[in-house]
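Some notes on the structure that comes next.
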Amino acid sequence: MLPGSIQMSGETLSGAEVKGVCEGLAEGTVRLLSLRGCLLSDKDFARLCHGVSQSPSLVQLNLNLGVVSSATRVQQLAQGLQSNRSLQSLFLHGNPLTDTGLSLLTPALAVHPSLVSLDLGDCLLGDEGIRLICGLLPPDGAKPGDHIASMLAVCVASSRTLEVLDLEGTGLSNQSAQILLDMVQNYPTPLKSLVLSENKISMDLQQQIADLLSEGEDEEDSEGQKPPARERGLKNDLGPGPHRVLLTSGLGESLLAETEM
């Protein structure tokens, strides 16, 4: 079991066990709580949801396979989510929510500040349920944007294996492109392909990144070894031949040019 995790499957939980779980939630020592297919009384479920509302550390909550078995439990869970600010993943697969239950839950899901992963498979949802789910999706399709791209650049810069990064149509701007340009220029990564099409990135920045990657690929081919990151090449998967860099206007329009390097 991972540190900070409580994982049970198919067990009947006593009041004392639920009390222990709730204490861990309130103290901020539980990051992952999985009660997949577990049985507990209505009183203990209400206590559990209160613990979720108090937790400053809970990141993943798994209540799959019938744990949320009534409209009352759905409402209690919704109340817990209203106060929780840490949860990122909620798994409710295999609960008989129906459209009615989901309508009780969605107001809390819609305002939760951190939730990014939601499993509603096999929850007996119909057309209205699908409409409610669509209402939870942001207009931009949850594109990363500049803030997330900045954090992603840090991860890429530290990677020693990543060769292809596809960020097509992910809501990036020139700010993100400048960060990625600095990363390619100054950090030793094995990156070979970086796709930035369909973003609001200037042609000049796209070209600078493409040039840096292309220069490195040419030197790697001639010297037979991998040069520093600023000298990596951008290439597609079409095999040997001229490198091609996809360039767009950055306004979400169709591809403007395929330039041979």
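By order in the structure tokens, chains are A, B, ...; within a chain, residues start at 1; ligands start at 1, following the order shown.
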
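Look at region 28-43 of chain A: the protein and nucleic acid residues within 8 Å of it, using only C-alpha atoms and passing over chain neighbours fewer than 3 places away, are Gly4, Ser5, Ile6, Gln7, Met8, Ser9, Gly10, Glu11, Thr12, Leu13, Ser14, Gly24, Leu25, Ala46, Arg47, Ser55, Pro56, Ser57, Leu58, Val59, Gln60, Leu61, Asn62, Leu63, Asn64, Leu65, Gly66, Val67 and Arg73 of chain A.
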
Residue list (helix (DSSP H, G or I), DSSP) for region 23-231 of chain A, as a PyMOL selection string:
chain A and resi 23-27+42-54+71-83+98-111+127-136+145-158+174-186+203-223+229-231

From A:Gly135, A:Gly129, A:Pro190, A:Gly121, residue lying nearest Leu162 (chain A) [only C-alpha atoms]
A:Pro190

What's around Val195 (chain A) at 8 Å? Count only C-alpha atoms, leave out sequence neighbours fewer than 5 positions away in its own chain, and write the answer as a list in words.
Leu165, Asp166, Leu167, Glu168 and Leu246 of chain A

Please, could you write that set of residues out with N, CA and C atoms as a short mmCIF file (atom, residue, chain, number, x, y, z; two decimals), in the first residue's frame?
```cif
data_model
loop_
_atom_site.label_atom_id
_atom_site.label_comp_id
_atom_site.auth_asym_id
_atom_site.auth_seq_id
_atom_site.Cartn_x
_atom_site.Cartn_y
_atom_site.Cartn_z
N LEU A 165 6.79 15.40 -28.48
CA LEU A 165 5.82 16.13 -27.67
C LEU A 165 4.82 16.81 -28.60
N ASP A 166 3.54 16.40 -28.51
CA ASP A 166 2.49 16.93 -29.38
C ASP A 166 1.59 17.85 -28.56
N LEU A 167 1.67 19.16 -28.83
CA LEU A 167 0.85 20.16 -28.13
C LEU A 167 -0.07 20.88 -29.12
N GLU A 168 -0.49 20.18 -30.14
CA GLU A 168 -1.36 20.79 -31.15
C GLU A 168 -2.69 21.20 -30.55
N LEU A 246 5.63 21.86 -39.28
CA LEU A 246 4.28 22.34 -39.52
C LEU A 246 4.12 23.72 -38.91
#
```

Which neighbours of Thr106 (chain A) fall inside 12 Å, counting only C-alpha atoms, when residues of the same chain fewer than 5 positions from it are skipped, and could you give them as a VMD selection string?
chain A and resid 74 to 75 77 to 79 81 to 82 97 99 to 101 111 to 112 118 120 128 to 137

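Distance check against Leu48 (chain A) using only C-alpha atoms: of A:Asp127, A:Glu163, A:Asp122, A:Glu23, the minimum falls on A:Glu23.
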